[in-house]
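> File structure32.cif below, mmCIF, C-alpha atoms:
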```cif
data_work
loop_
_atom_site.label_atom_id
_atom_site.label_comp_id
_atom_site.auth_asym_id
_atom_site.auth_seq_id
_atom_site.Cartn_x
_atom_site.Cartn_y
_atom_site.Cartn_z
CA MET A 1 6.74 -16.07 -6.41
CA SER A 2 4.04 -18.67 -6.07
CA ASP A 3 0.48 -18.33 -7.37
CA LEU A 4 -2.13 -17.02 -4.99
CA PRO A 5 -4.50 -19.72 -3.81
CA SER A 6 -8.07 -19.44 -5.04
CA PHE A 7 -10.93 -18.74 -2.64
CA PRO A 8 -14.60 -17.79 -2.92
CA TYR A 9 -14.96 -14.14 -3.88
CA SER A 10 -17.59 -13.65 -1.17
CA LEU A 11 -14.91 -14.17 1.49
CA LEU A 12 -13.18 -10.99 0.36
CA TRP A 13 -16.07 -8.88 1.64
CA GLU A 14 -16.18 -10.62 5.00
CA GLU A 15 -12.66 -9.53 5.96
CA ARG A 16 -12.32 -7.53 9.12
CA ARG A 17 -8.56 -7.06 9.12
CA LEU A 18 -6.15 -6.18 6.31
CA VAL A 19 -2.60 -7.45 6.46
CA SER A 20 0.21 -6.56 4.09
CA VAL A 21 2.80 -9.18 3.19
CA ALA A 22 5.94 -8.46 1.19
CA ASN A 23 6.62 -11.24 -1.29
CA LEU A 24 10.09 -10.27 -2.37
CA THR A 25 13.59 -10.45 -1.04
CA ARG A 26 16.00 -7.59 -0.53
CA ARG A 27 17.88 -8.78 -3.63
CA ASP A 28 14.63 -8.73 -5.63
CA ALA A 29 14.02 -5.11 -4.62
CA GLN A 30 17.60 -4.10 -5.39
CA ALA A 31 17.19 -5.54 -8.89
CA TYR A 32 13.67 -4.18 -9.48
CA LEU A 33 13.88 -0.60 -8.23
CA PRO A 34 16.53 0.62 -10.72
CA LEU A 35 14.54 -0.98 -13.56
CA ALA A 36 11.34 0.70 -12.39
CA ALA A 37 13.09 4.08 -12.20
CA ARG A 38 14.47 3.72 -15.72
CA ALA A 39 11.02 2.73 -16.97
CA GLY A 40 9.53 5.88 -15.46
CA VAL A 41 7.43 4.18 -12.78
CA ARG A 42 6.37 6.85 -10.29
CA PRO A 43 4.28 6.18 -7.20
CA HIS A 44 1.18 8.23 -6.43
CA VAL A 45 1.21 8.79 -2.68
CA THR A 46 -0.90 10.96 -0.41
CA ALA A 47 0.71 11.38 3.02
CA TYR A 48 -1.28 11.80 6.21
CA ASP A 49 -0.01 12.46 9.70
CA LEU A 50 -0.67 9.40 11.87
CA ARG A 51 -3.16 11.43 13.92
CA SER A 52 -5.15 11.94 10.70
CA ALA A 53 -5.70 8.22 10.07
CA ASN A 54 -9.49 8.59 10.25
CA GLN A 55 -9.37 11.33 7.61
CA ALA A 56 -7.20 9.11 5.41
CA LEU A 57 -9.85 6.36 5.64
CA THR A 58 -12.63 8.84 4.88
CA ASP A 59 -10.72 10.14 1.84
CA LEU A 60 -9.99 6.59 0.70
CA ARG A 61 -13.67 5.65 0.87
CA ALA A 62 -14.61 8.81 -1.01
CA GLY A 63 -12.05 8.24 -3.75
CA ALA A 64 -10.42 11.57 -2.91
CA PHE A 65 -6.99 10.52 -4.20
CA ALA A 66 -5.33 8.13 -6.63
CA GLY A 67 -2.66 5.72 -5.47
CA ALA A 68 -1.78 4.94 -1.88
CA ALA A 69 -2.43 6.71 1.41
CA VAL A 70 0.59 6.66 3.70
CA LEU A 71 0.43 7.32 7.43
CA VAL A 72 3.52 9.17 8.61
CA PRO A 73 4.33 9.05 12.33
CA ARG A 74 5.88 12.24 13.64
CA LEU A 75 8.61 11.76 16.17
CA SER A 76 8.72 14.40 18.88
CA GLY A 77 12.00 15.36 20.28
#
```
Rewrite the structure of this file - the entire thing - as structure tokens.

Amino acid sequence: MSDLPSFPYSLLWEERRLVSVANLTRRDAQAYLPLAARAGVRPHVTAYDLRSANQALTDLRAGAFAGAAVLVPRLSG
């Protein structure tokens, strides 16, 4: 992986859109995940139904959970 480019810290607070980028290959993940499991790495995830996205944001702002909020779409059928 390459180093992240530097930028003025003030720009961080002017963002209006967040974008996630995966910086690893499938092979990287296949090598890392078994190591993480053996090391006892456990994710902290709070799941929200996709329709509850606004509540997830409210809870995130309030610090109502530790770890990541995950929006789960429900497929009807």
> For the structure provided, state which residues fall under the PyMOL selection byres ((chain A and resi 65-67) around 8), and present them as a PyMOL selection string.
chain A and resi 43-46+59-60+63-64+68-69
> Of the candidates A:Leu33, A:Arg27, A:Ala62, A:Val72, which shows the shortest atom-to-atom distance to Asp49 of chain A, using all atoms listed in the file?
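Closest to Asp49 of chain A of all the choices is A:Val72.
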> Provide the atom CA of Leu35 of chain A to atom CA of Met1 of chain A distance in Å, to one decimal place.
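Result for atom CA of Leu35 of chain A versus atom CA of Met1 of chain A: 18.4 Å, one decimal.
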> Kindly give the distance, in Å, that separates atom CA of Gly40 of chain A and atom CA of Leu24 of chain A, rounded to a single decimal.
20.8 Å
> Report, in Å with one decimal, the straight-line distance from atom CA of Thr25 of chain A to atom CA of Ala37 of chain A.
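Taking atom CA of Thr25 of chain A and atom CA of Ala37 of chain A, their separation equals 18.3 Å.
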> Taking the file above as input, evaluate the PyMOL selection byres ((chain A and resi 48) around 9) and report the hits as a PyMOL selection string.
chain A and resi 46-47+49-53+55-56+69-73
